[in-house]
Amino acid sequence: MTRRTAIVTLLLAAGSPAAGGMIELAPTGQFQVQDAQVYRSLEPPPRFLVVGSRFGRPVLITTGPIGARLLDPARVQRDAPPAETVRVDPGGPQQDFLTVRMSGENLVLERDGTSVTLTASPPILGDKTLDEVLAAMPDYRRSAVRYTPDAAALDRIRRAKQPAEVLVFFGSWCSHCEQLIPRLVRVLQDSRGAPLQVVFRGVPPPGGGRDPMAEALGVSGLPTGIVRRDGKEVARIEGAEWEAPETALARVVQ
């Protein structure tokens, strides 16, 4: 279970910030900033926007290489509610840069004696429902929209006769889970009504404690899905099967 926090993912992001063009961003659960809102770009490379911080102006954080600068508030446009999207025009004077440094796993922005810290959100731990996971990780919900499950596999899941339990071990800090869990989210959303009871179990990062259930069940990688009937394990979804979780799940439930 290799740990890769959102901060590390940001720093290791490949590519360079796109020049020109509007950037679309939406709220993210990856970071917390005191008394401020944090948004993440919908398209790579990762870019972040901090609104309402002590700097008094929006802060745009780019990657590849990492940098940050203050923006004219007029360059930030919000969609009308209930939409969450924020659009940013990254043009204009390329100035008002901030100093960016790491402090442990946090990212610190500094300028003229003022500092703001982006703190990696605490891990989600224990049993959670799908709705609880999506409330804490809005990034999962948006990524799920971009995944298209296999229609035939979805149909087999919907027509399943026997009820099944699916226990999904994941880490909210895990970059692989960030890529793959939204695929299962989309599958569950598109197969509502199927006889499935799904529980997501958040585990701590390496060095952050133990999860007795994960240890007892021999979970060695994330994400891992354990399918059970009448309390007995009948199959697991692991490794490459997460590329198309609906196919693996359909094979098991039928």
# chains A, B, ... in the order shown; residues from 1 in each chain; ligands from 1
call {"tool": "residues_around", "arguments": {"residues": "Ser143 of chain A", "least_positions_apart": "4", "cutoff": "10 Å", "atoms": "only C-alpha atoms", "output": "list of chain:residue names"}}
result
A:Leu42, A:Pro138, A:Asp139, A:Tyr147, A:Glu178, A:Gln179, A:Leu180, A:Ile181, A:Pro182, A:Arg183, A:Val185, A:Arg186
call {"tool": "atom_distance", "arguments": {"atom1": "atom CA of Gln34 of chain A", "atom2": "atom CA of Arg101 of chain A"}}
result
17.7 Å
call {"tool": "select_by_dssp", "arguments": {"residues": "segment 33-204 of chain A", "states": "alpha helix (DSSP H)", "output": "ChimeraX atom specification"}}
result
/A:130-136,138-145,151-158,175-190
call {"tool": "write_last_selection", "arguments": {"atoms": "C-alpha atoms", "output": "compact mmCIF listing (two decimals), in the first residue's frame"}}
result
# COMPACT_ATOMS: atom_id res chain seq x y z
CA LEU A 130 -21.16 5.56 -1.02
CA ASP A 131 -22.85 8.88 -0.24
CA GLU A 132 -20.48 9.51 2.68
CA VAL A 133 -17.45 8.84 0.51
CA LEU A 134 -18.67 11.19 -2.22
CA ALA A 135 -19.42 13.92 0.31
CA ALA A 136 -15.84 13.74 1.59
CA PRO A 138 -16.07 15.29 -4.44
CA ASP A 139 -13.17 14.52 -6.81
CA TYR A 140 -14.43 10.92 -6.97
CA ARG A 141 -17.88 12.06 -8.04
CA ARG A 142 -16.57 14.20 -10.88
CA SER A 143 -14.16 11.54 -12.12
CA ALA A 144 -16.99 9.00 -12.11
CA VAL A 145 -18.88 11.08 -14.66
CA ALA A 151 -23.24 -1.78 -20.96
CA ALA A 152 -23.51 -5.59 -21.12
CA ALA A 153 -21.75 -5.96 -17.77
CA LEU A 154 -24.06 -3.39 -16.19
CA ASP A 155 -27.07 -5.29 -17.48
CA ARG A 156 -25.82 -8.52 -15.91
CA ILE A 157 -25.33 -6.74 -12.58
CA ARG A 158 -28.85 -5.30 -12.70
CA SER A 175 -3.32 7.85 -5.87
CA HIS A 176 -4.36 4.49 -7.35
CA CYS A 177 -7.67 4.71 -5.50
CA GLU A 178 -8.16 8.24 -6.81
CA GLN A 179 -7.93 6.85 -10.35
CA LEU A 180 -9.91 3.62 -9.88
CA ILE A 181 -12.55 4.03 -7.17
CA PRO A 182 -14.53 6.55 -9.32
CA ARG A 183 -15.00 3.75 -11.87
CA LEU A 184 -16.77 1.63 -9.28
CA VAL A 185 -18.74 4.71 -8.18
CA ARG A 186 -20.07 5.09 -11.72
CA VAL A 187 -20.91 1.38 -11.89
CA LEU A 188 -22.88 1.56 -8.64
CA GLN A 189 -24.69 4.71 -9.76
CA ASP A 190 -25.66 3.10 -13.08
call {"tool": "closest_atom_pairs", "arguments": {"of": "segment 85-194 of chain A", "to": "segment 27-33 of chain A", "cutoff": "8 Å", "atoms": "only C-alpha atoms", "output": "JSON lines"}}
result
{"residue": "A:Thr85", "atom": "CA", "partner": "A:Pro27", "partner_atom": "CA", "distance": 7.8}
{"residue": "A:Val116", "atom": "CA", "partner": "A:Val33", "partner_atom": "CA", "distance": 7.5}
{"residue": "A:Thr117", "atom": "CA", "partner": "A:Val33", "partner_atom": "CA", "distance": 6.3}
{"residue": "A:Leu118", "atom": "CA", "partner": "A:Val33", "partner_atom": "CA", "distance": 5.3}
{"residue": "A:Thr119", "atom": "CA", "partner": "A:Gln32", "partner_atom": "CA", "distance": 5.2}
{"residue": "A:Ala120", "atom": "CA", "partner": "A:Phe31", "partner_atom": "CA", "distance": 4.7}
{"residue": "A:Ser121", "atom": "CA", "partner": "A:Phe31", "partner_atom": "CA", "distance": 5.1}
{"residue": "A:Ala136", "atom": "CA", "partner": "A:Gly29", "partner_atom": "CA", "distance": 6.1}
{"residue": "A:Met137", "atom": "CA", "partner": "A:Gly29", "partner_atom": "CA", "distance": 5.0}
{"residue": "A:Pro138", "atom": "CA", "partner": "A:Thr28", "partner_atom": "CA", "distance": 6.0}
{"residue": "A:Asp139", "atom": "CA", "partner": "A:Thr28", "partner_atom": "CA", "distance": 5.8}
call {"tool": "write_last_selection", "arguments": {"atoms": "C-alpha atoms", "output": "PDB file, in the first residue's frame"}}
result
ATOM      1  CA  THR A  85     -17.591  24.914 -11.378  1.00  0.00           C
ATOM      2  CA  VAL A 116      -1.065  30.258   3.948  1.00  0.00           C
ATOM      3  CA  THR A 117      -0.798  26.485   4.396  1.00  0.00           C
ATOM      4  CA  LEU A 118      -2.475  23.881   2.240  1.00  0.00           C
ATOM      5  CA  THR A 119      -2.934  20.918   4.549  1.00  0.00           C
ATOM      6  CA  ALA A 120      -3.543  17.448   3.181  1.00  0.00           C
ATOM      7  CA  SER A 121      -6.990  16.383   4.384  1.00  0.00           C
ATOM      8  CA  ALA A 136     -15.843  13.743   1.592  1.00  0.00           C
ATOM      9  CA  MET A 137     -14.238  13.191  -1.831  1.00  0.00           C
ATOM     10  CA  PRO A 138     -16.073  15.287  -4.440  1.00  0.00           C
ATOM     11  CA  ASP A 139     -13.170  14.524  -6.809  1.00  0.00           C
TER      12      ASP A 139
END
call {"tool": "atom_distance", "arguments": {"atom1": "atom CA of Pro223 of chain A", "atom2": "atom CA of Trp173 of chain A"}}
result
11.4 Å
call {"tool": "residues_around", "arguments": {"residues": "Ala36 of chain A", "least_positions_apart": "3", "cutoff": "7 Å", "atoms": "only C-alpha atoms", "output": "count of residues only"}}
result
5
call {"tool": "residues_around", "arguments": {"residues": "segment 167-169 of chain A", "least_positions_apart": "5", "cutoff": "7 Å", "atoms": "only C-alpha atoms", "output": "number ranges by chain"}}
result
A: 198-203, 222-227
call {"tool": "residues_around", "arguments": {"residues": "Phe97 of chain A", "least_positions_apart": "3", "cutoff": "12 Å", "atoms": "only C-alpha atoms", "output": "ChimeraX atom specification"}}
result
/A:55,58-62,66-71,93-94,100,109-112
call {"tool": "residues_around", "arguments": {"residues": "Val88 of chain A", "least_positions_apart": "4", "cutoff": "7 Å", "atoms": "only C-alpha atoms", "output": "list in words"}}
result
Met22, Ile23, Glu24, Arg75, Val76 and Gln77 of chain A
call {"tool": "write_last_selection", "arguments": {"atoms": "N, CA and C atoms", "output": "short mmCIF file (atom, residue, chain, number, x, y, z; two decimals), in the first residue's frame"}}
result
data_model
loop_
_atom_site.label_atom_id
_atom_site.label_comp_id
_atom_site.auth_asym_id
_atom_site.auth_seq_id
_atom_site.Cartn_x
_atom_site.Cartn_y
_atom_site.Cartn_z
N MET A 22 -9.26 29.23 -20.71
CA MET A 22 -9.89 29.18 -19.40
C MET A 22 -9.62 27.84 -18.73
N ILE A 23 -9.45 27.86 -17.41
CA ILE A 23 -9.27 26.66 -16.62
C ILE A 23 -10.56 26.42 -15.84
N GLU A 24 -11.10 25.22 -15.93
CA GLU A 24 -12.29 24.86 -15.17
C GLU A 24 -11.85 24.09 -13.92
N ARG A 75 -10.73 37.76 -12.81
CA ARG A 75 -10.39 36.63 -13.68
C ARG A 75 -10.97 35.30 -13.18
N VAL A 76 -11.71 35.36 -12.07
CA VAL A 76 -12.35 34.17 -11.52
C VAL A 76 -13.86 34.29 -11.70
N GLN A 77 -14.45 33.37 -12.41
CA GLN A 77 -15.89 33.40 -12.69
C GLN A 77 -16.54 32.15 -12.11
#
call {"tool": "closest_residue", "arguments": {"among": "A:Pro206, A:Gly21, A:Pro44, A:Pro65", "to": "Gly92 of chain A", "atoms": "only C-alpha atoms"}}
result
A:Gly21
call {"tool": "atom_distance", "arguments": {"atom1": "atom CA of Ala235 of chain A", "atom2": "atom CA of Arg146 of chain A"}}
result
27.0 Å
